[in-house]
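Content type PDB, C-alpha atoms, from the file data.pdb:
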```pdb
ATOM      1  CA  MET J   1      95.821 105.078 166.671  1.00  0.00           C
ATOM      2  CA  PRO J   2      95.960 107.370 169.746  1.00  0.00           C
ATOM      3  CA  TRP J   3      96.594 104.623 172.302  1.00  0.00           C
ATOM      4  CA  ALA J   4      99.934 105.919 173.561  1.00  0.00           C
ATOM      5  CA  ASP J   5      98.343 109.294 174.285  1.00  0.00           C
ATOM      6  CA  LEU J   6      95.425 107.651 176.121  1.00  0.00           C
ATOM      7  CA  PHE J   7      97.784 105.574 178.282  1.00  0.00           C
ATOM      8  CA  GLU J   8      99.813 108.651 179.169  1.00  0.00           C
ATOM      9  CA  ARG J   9      96.680 110.535 180.266  1.00  0.00           C
ATOM     10  CA  ALA J  10      95.428 107.522 182.273  1.00  0.00           C
ATOM     11  CA  GLU J  11      98.679 107.287 184.263  1.00  0.00           C
ATOM     12  CA  ALA J  12      97.681 110.368 186.261  1.00  0.00           C
ATOM     13  CA  TYR J  13      94.916 108.420 188.005  1.00  0.00           C
ATOM     14  CA  GLU J  14      97.048 105.585 189.456  1.00  0.00           C
ATOM     15  CA  ILE J  15      94.166 103.109 189.353  1.00  0.00           C
ATOM     16  CA  GLU J  16      94.524  99.462 190.387  1.00  0.00           C
ATOM     17  CA  THR J  17      92.845  96.485 188.731  1.00  0.00           C
ATOM     18  CA  ASP J  18      90.951  95.681 191.947  1.00  0.00           C
ATOM     19  CA  GLU J  19      89.242  99.094 191.806  1.00  0.00           C
ATOM     20  CA  ILE J  20      88.091  98.374 188.276  1.00  0.00           C
ATOM     21  CA  ARG J  21      86.820  94.916 189.191  1.00  0.00           C
ATOM     22  CA  ALA J  22      84.910  96.320 192.181  1.00  0.00           C
ATOM     23  CA  ALA J  23      83.376  99.134 190.138  1.00  0.00           C
ATOM     24  CA  LEU J  24      82.302  96.730 187.416  1.00  0.00           C
ATOM     25  CA  GLN J  25      80.841  94.226 189.872  1.00  0.00           C
ATOM     26  CA  GLU J  26      78.893  96.977 191.623  1.00  0.00           C
ATOM     27  CA  ARG J  27      77.547  98.234 188.313  1.00  0.00           C
ATOM     28  CA  ARG J  28      76.522  94.750 187.155  1.00  0.00           C
ATOM     29  CA  GLU J  29      74.789  93.959 190.444  1.00  0.00           C
ATOM     30  CA  ARG J  30      72.913  97.272 190.277  1.00  0.00           C
ATOM     31  CA  GLU J  31      71.631  96.496 186.796  1.00  0.00           C
TER      32      GLU J  31
ATOM     33  CA  MET G   1      72.239  76.946 170.667  1.00  0.00           C
ATOM     34  CA  SER G   2      75.698  75.565 169.859  1.00  0.00           C
ATOM     35  CA  GLU G   3      74.781  74.814 166.250  1.00  0.00           C
ATOM     36  CA  SER G   4      75.098  78.439 165.200  1.00  0.00           C
ATOM     37  CA  HIS G   5      78.299  79.128 167.138  1.00  0.00           C
ATOM     38  CA  LYS G   6      81.352  78.377 165.018  1.00  0.00           C
ATOM     39  CA  PRO G   7      84.387  79.210 167.146  1.00  0.00           C
ATOM     40  CA  ASP G   8      87.035  81.074 165.181  1.00  0.00           C
ATOM     41  CA  PRO G   9      90.569  81.044 166.672  1.00  0.00           C
ATOM     42  CA  THR G  10      91.080  84.648 165.591  1.00  0.00           C
ATOM     43  CA  HIS G  11      87.995  85.989 167.401  1.00  0.00           C
ATOM     44  CA  VAL G  12      88.612  87.089 170.993  1.00  0.00           C
ATOM     45  CA  VAL G  13      86.197  88.646 173.476  1.00  0.00           C
ATOM     46  CA  VAL G  14      87.801  90.925 176.054  1.00  0.00           C
ATOM     47  CA  ASP G  15      85.674  91.675 179.112  1.00  0.00           C
ATOM     48  CA  ALA G  16      85.067  95.207 180.393  1.00  0.00           C
ATOM     49  CA  ASP G  17      87.417  94.736 183.361  1.00  0.00           C
ATOM     50  CA  VAL G  18      90.306  93.877 181.034  1.00  0.00           C
ATOM     51  CA  LEU G  19      89.464  96.666 178.574  1.00  0.00           C
ATOM     52  CA  ALA G  20      89.429  99.206 181.419  1.00  0.00           C
ATOM     53  CA  SER G  21      92.650  97.774 182.874  1.00  0.00           C
ATOM     54  CA  ASP G  22      94.334  98.046 179.497  1.00  0.00           C
ATOM     55  CA  LEU G  23      93.664 101.770 179.574  1.00  0.00           C
ATOM     56  CA  LEU G  24      93.976 102.596 183.267  1.00  0.00           C
ATOM     57  CA  VAL G  25      96.442 100.072 184.699  1.00  0.00           C
ATOM     58  CA  GLY G  26      98.592  98.390 182.059  1.00  0.00           C
ATOM     59  CA  GLY G  27     100.229  95.073 182.977  1.00  0.00           C
ATOM     60  CA  PRO G  28      98.896  91.805 181.523  1.00  0.00           C
ATOM     61  CA  ALA G  29      95.645  93.431 180.310  1.00  0.00           C
ATOM     62  CA  ARG G  30      97.671  95.801 178.123  1.00  0.00           C
ATOM     63  CA  ASP G  31      99.905  92.957 176.950  1.00  0.00           C
ATOM     64  CA  VAL G  32      96.794  91.063 175.798  1.00  0.00           C
ATOM     65  CA  MET G  33      95.419  94.092 174.005  1.00  0.00           C
ATOM     66  CA  ASP G  34      98.817  94.846 172.438  1.00  0.00           C
ATOM     67  CA  ILE G  35      98.706  91.407 170.826  1.00  0.00           C
ATOM     68  CA  ILE G  36      95.246  92.165 169.429  1.00  0.00           C
ATOM     69  CA  ARG G  37      96.165  95.710 168.392  1.00  0.00           C
ATOM     70  CA  SER G  38      99.282  94.563 166.550  1.00  0.00           C
ATOM     71  CA  HIS G  39      97.561  91.924 164.376  1.00  0.00           C
ATOM     72  CA  SER G  40      94.817  93.089 162.011  1.00  0.00           C
ATOM     73  CA  TRP G  41      93.581  89.501 161.551  1.00  0.00           C
ATOM     74  CA  LEU G  42      92.865  89.132 165.287  1.00  0.00           C
ATOM     75  CA  LYS G  43      89.343  90.397 165.930  1.00  0.00           C
ATOM     76  CA  LEU G  44      88.290  92.009 169.191  1.00  0.00           C
ATOM     77  CA  ILE G  45      84.636  91.021 169.578  1.00  0.00           C
ATOM     78  CA  VAL G  46      82.379  93.165 171.761  1.00  0.00           C
ATOM     79  CA  THR G  47      78.779  94.231 172.192  1.00  0.00           C
ATOM     80  CA  GLU G  48      77.482  97.767 172.555  1.00  0.00           C
ATOM     81  CA  PRO G  49      76.539  97.221 176.244  1.00  0.00           C
ATOM     82  CA  LEU G  50      80.042  95.853 176.948  1.00  0.00           C
ATOM     83  CA  LEU G  51      81.570  99.021 175.474  1.00  0.00           C
ATOM     84  CA  GLU G  52      79.074 101.190 177.350  1.00  0.00           C
ATOM     85  CA  GLU G  53      79.886  99.611 180.706  1.00  0.00           C
ATOM     86  CA  THR G  54      83.630  99.938 180.084  1.00  0.00           C
ATOM     87  CA  GLN G  55      83.180 103.578 179.123  1.00  0.00           C
ATOM     88  CA  ALA G  56      81.116 104.183 182.265  1.00  0.00           C
ATOM     89  CA  ILE G  57      83.773 102.545 184.469  1.00  0.00           C
ATOM     90  CA  VAL G  58      86.513 104.690 182.920  1.00  0.00           C
ATOM     91  CA  GLU G  59      84.416 107.815 183.381  1.00  0.00           C
ATOM     92  CA  SER G  60      83.694 106.968 187.038  1.00  0.00           C
ATOM     93  CA  LEU G  61      87.321 106.174 187.914  1.00  0.00           C
ATOM     94  CA  ALA G  62      89.026 108.750 185.674  1.00  0.00           C
ATOM     95  CA  ASP G  63      87.160 111.384 183.654  1.00  0.00           C
ATOM     96  CA  GLN G  64      84.641 111.784 180.864  1.00  0.00           C
ATOM     97  CA  SER G  65      87.096 113.127 178.325  1.00  0.00           C
ATOM     98  CA  LEU G  66      89.367 110.104 178.695  1.00  0.00           C
ATOM     99  CA  ALA G  67      86.350 107.782 178.534  1.00  0.00           C
ATOM    100  CA  ASP G  68      85.070 109.441 175.359  1.00  0.00           C
ATOM    101  CA  ASP G  69      88.473 109.332 173.670  1.00  0.00           C
ATOM    102  CA  TRP G  70      88.905 105.672 174.674  1.00  0.00           C
ATOM    103  CA  ARG G  71      85.517 104.961 173.098  1.00  0.00           C
ATOM    104  CA  ALA G  72      86.558 106.602 169.838  1.00  0.00           C
ATOM    105  CA  ALA G  73      89.755 104.527 169.762  1.00  0.00           C
ATOM    106  CA  ILE G  74      88.105 101.229 170.614  1.00  0.00           C
ATOM    107  CA  ASP G  75      85.363 101.838 168.024  1.00  0.00           C
ATOM    108  CA  GLU G  76      88.080 101.763 165.353  1.00  0.00           C
ATOM    109  CA  LEU G  77      89.423  98.459 166.651  1.00  0.00           C
ATOM    110  CA  ALA G  78      86.459  96.371 167.761  1.00  0.00           C
ATOM    111  CA  VAL G  79      83.867  94.336 165.919  1.00  0.00           C
ATOM    112  CA  VAL G  80      80.469  94.981 167.539  1.00  0.00           C
ATOM    113  CA  VAL G  81      77.934  92.162 167.540  1.00  0.00           C
ATOM    114  CA  GLU G  82      74.297  92.249 168.579  1.00  0.00           C
ATOM    115  CA  GLN G  83      73.320  91.510 172.171  1.00  0.00           C
ATOM    116  CA  PRO G  84      69.821  90.506 173.258  1.00  0.00           C
ATOM    117  CA  PRO G  85      68.738  92.589 176.282  1.00  0.00           C
ATOM    118  CA  GLU G  86      68.610  89.627 178.664  1.00  0.00           C
ATOM    119  CA  ASP G  87      72.089  88.310 177.836  1.00  0.00           C
ATOM    120  CA  ARG G  88      75.291  89.037 179.692  1.00  0.00           C
ATOM    121  CA  PRO G  89      77.535  91.188 177.437  1.00  0.00           C
ATOM    122  CA  VAL G  90      80.640  89.028 177.437  1.00  0.00           C
ATOM    123  CA  LEU G  91      78.749  85.794 176.764  1.00  0.00           C
ATOM    124  CA  ALA G  92      76.587  87.347 174.072  1.00  0.00           C
ATOM    125  CA  ALA G  93      79.712  88.686 172.387  1.00  0.00           C
ATOM    126  CA  ALA G  94      81.371  85.261 172.472  1.00  0.00           C
ATOM    127  CA  TYR G  95      78.346  83.398 171.183  1.00  0.00           C
ATOM    128  CA  ARG G  96      77.234  85.840 168.522  1.00  0.00           C
ATOM    129  CA  GLY G  97      80.753  86.779 167.484  1.00  0.00           C
ATOM    130  CA  ASP G  98      81.939  83.165 167.035  1.00  0.00           C
ATOM    131  CA  ALA G  99      84.734  83.765 169.528  1.00  0.00           C
ATOM    132  CA  SER G 100      86.967  80.942 170.691  1.00  0.00           C
ATOM    133  CA  GLN G 101      88.225  82.833 173.728  1.00  0.00           C
ATOM    134  CA  ILE G 102      87.061  85.169 176.460  1.00  0.00           C
ATOM    135  CA  VAL G 103      89.648  87.138 178.426  1.00  0.00           C
ATOM    136  CA  THR G 104      88.373  88.309 181.815  1.00  0.00           C
ATOM    137  CA  PHE G 105      89.427  88.976 185.398  1.00  0.00           C
ATOM    138  CA  ASP G 106      86.056  87.599 186.585  1.00  0.00           C
ATOM    139  CA  ASP G 107      86.800  84.553 188.774  1.00  0.00           C
ATOM    140  CA  ARG G 108      83.202  83.352 188.604  1.00  0.00           C
ATOM    141  CA  LEU G 109      83.276  83.194 184.833  1.00  0.00           C
ATOM    142  CA  ARG G 110      86.613  81.367 184.913  1.00  0.00           C
ATOM    143  CA  SER G 111      85.549  78.747 187.485  1.00  0.00           C
ATOM    144  CA  ALA G 112      85.403  75.063 186.523  1.00  0.00           C
ATOM    145  CA  GLU G 113      81.662  75.054 187.039  1.00  0.00           C
ATOM    146  CA  ALA G 114      81.123  78.042 184.778  1.00  0.00           C
ATOM    147  CA  GLY G 115      83.407  76.474 182.179  1.00  0.00           C
ATOM    148  CA  ALA G 116      81.449  73.239 182.178  1.00  0.00           C
ATOM    149  CA  THR G 117      78.165  75.126 181.871  1.00  0.00           C
ATOM    150  CA  LEU G 118      79.489  77.190 178.988  1.00  0.00           C
ATOM    151  CA  ARG G 119      80.806  74.117 177.196  1.00  0.00           C
ATOM    152  CA  GLY G 120      77.295  72.695 177.428  1.00  0.00           C
ATOM    153  CA  LEU G 121      76.059  75.752 175.558  1.00  0.00           C
ATOM    154  CA  PHE G 122      78.949  76.522 173.229  1.00  0.00           C
ATOM    155  CA  GLU G 123      82.696  75.961 172.985  1.00  0.00           C
ATOM    156  CA  VAL G 124      84.724  78.819 174.375  1.00  0.00           C
ATOM    157  CA  SER G 125      87.836  79.106 176.553  1.00  0.00           C
ATOM    158  CA  VAL G 126      87.655  81.579 179.435  1.00  0.00           C
ATOM    159  CA  ARG G 127      91.049  82.838 180.583  1.00  0.00           C
ATOM    160  CA  SER G 128      92.608  85.504 182.744  1.00  0.00           C
ATOM    161  CA  PRO G 129      94.975  87.889 180.936  1.00  0.00           C
ATOM    162  CA  ASN G 130      97.978  86.036 182.384  1.00  0.00           C
ATOM    163  CA  ALA G 131      96.591  82.656 181.282  1.00  0.00           C
ATOM    164  CA  PHE G 132      95.871  84.040 177.812  1.00  0.00           C
ATOM    165  CA  LEU G 133      99.445  85.300 177.545  1.00  0.00           C
ATOM    166  CA  ALA G 134     100.786  81.939 178.739  1.00  0.00           C
ATOM    167  CA  VAL G 135      98.931  79.777 176.229  1.00  0.00           C
ATOM    168  CA  VAL G 136      98.047  81.979 173.270  1.00  0.00           C
ATOM    169  CA  ASP G 137     100.696  82.511 170.676  1.00  0.00           C
ATOM    170  CA  PRO G 138     100.001  84.590 167.519  1.00  0.00           C
ATOM    171  CA  THR G 139     102.121  82.177 165.468  1.00  0.00           C
ATOM    172  CA  THR G 140      99.953  79.196 166.456  1.00  0.00           C
ATOM    173  CA  LEU G 141      96.723  81.142 166.004  1.00  0.00           C
ATOM    174  CA  TYR G 142      97.776  82.327 162.557  1.00  0.00           C
ATOM    175  CA  GLU G 143      98.692  78.848 161.408  1.00  0.00           C
ATOM    176  CA  LEU G 144      95.393  77.491 162.752  1.00  0.00           C
ATOM    177  CA  ALA G 145      93.403  80.099 160.877  1.00  0.00           C
ATOM    178  CA  PHE G 146      95.333  80.624 157.645  1.00  0.00           C
ATOM    179  CA  GLU G 147      97.555  78.768 155.236  1.00  0.00           C
ATOM    180  CA  GLY G 148     101.194  79.771 155.287  1.00  0.00           C
ATOM    181  CA  SER G 149     103.604  80.813 157.963  1.00  0.00           C
ATOM    182  CA  TYR G 150     103.077  83.599 160.475  1.00  0.00           C
ATOM    183  CA  PRO G 151     104.174  86.918 158.936  1.00  0.00           C
ATOM    184  CA  GLY G 152     104.617  88.753 162.250  1.00  0.00           C
ATOM    185  CA  PRO G 153     102.720  91.785 163.542  1.00  0.00           C
ATOM    186  CA  ASP G 154     101.192  93.890 160.778  1.00  0.00           C
ATOM    187  CA  ARG G 155     100.470  97.090 162.684  1.00  0.00           C
ATOM    188  CA  LYS G 156     101.750  99.057 165.636  1.00  0.00           C
ATOM    189  CA  PRO G 157     100.075  98.204 168.946  1.00  0.00           C
ATOM    190  CA  ARG G 158      99.879 101.811 170.227  1.00  0.00           C
TER     191      ARG G 158
END
```

Please express what this file holds, its structure, as structure tokens.
Amino acid sequence: MPWADLFERAEAYEIETDEIRAALQERRERE
Amino acid sequence: MSESHKPDPTHVVVDADVLASDLLVGGPARDVMDIIRSHSWLKLIVTEPLLEETQAIVESLADQSLADDWRAAIDELAVVVEQPPEDRPVLAAAYRGDASQIVTFDDRLRSAEAGATLRGLFEVSVRSPNAFLAVVDPTTLYELAFEGSYPGPDRKPR
């Protein structure tokens, strides 16, 4: 399973959970 | 509606916000997914639209290559159940996938009112990643679902 590699690549973006929640809420409201 | 939902303690729905946080943030979302990834008898239940919206979120916040590779990895792990077009992905996954638990960051879904409404439709516990980690123990789940004592994790989480 390539999970460790995926996590390492994702670290570069420094994303917070609140950004994910906001993006998801916006997408769900749009649809 | 509840007659055809038979909650299985080993079936867990993980919402798109937690799936994306597992990949992009870490923390409790990754701890939840590590538990699922490290036990082959724990089933991650999803729908195609739930995977699509997670993939879209990852692509919008990170990049397409990472989103595509995440999709390939999650496709190997998840059990995909059918979702009627009018249903909300996480609820359709729980109902149609006989899940006993939903893990989500969505406060509205975790509210007392939402819980009562859901229990009127079918039995499912809705928890934040931290709440899931606080109350869910693989040993207890294993002994609820199978005969015999918990053998420990049977695969690597990452």

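Taking atom CA of G:Ser40 as the reference point, atom CA of G:Leu109 is found at 27.4 Å.
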
*Specify as a ChimeraX atom specification all residues of chain G found within 9 Å of chain J, counting only C-alpha atoms.*
/G:16-18,20-26,53-54,57-58,60-62,66,69-70,73,76,105-106,156-158

_Show me the residues around (86.5, 89.2, 167.6) - criterion: an atom at most 8 Å away, only C-alpha atoms counted - as a list of chain:residue names._
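Output of the proximity query reads G:Thr10, G:His11, G:Val12, G:Val13, G:Leu42, G:Lys43, G:Leu44, G:Ile45, G:Val46, G:Ala78, G:Val79, G:Gly97, G:Asp98, G:Ala99.
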
*Applied to this file, what does the PyMOL selection byres ((chain G and resi 35) around 10) return in terms of residues, put as a list in words?*
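On this input, the PyMOL selection byres ((chain G and resi 35) around 10) captures Arg30, Asp31, Val32, Met33, Asp34, Ile36, Arg37, Ser38, His39, Ser40, Leu42, Leu133, Val136, Asp137, Pro138, Pro153, Lys156 and Pro157 of chain G.
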
*To one decimal in Å, tell me the separation between atom CA of G:His5 and atom CA of G:Ala72.*
28.8 Å

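Straight-line separation from atom CA of G:Arg155 to atom CA of G:Asp68: 23.5 Å.
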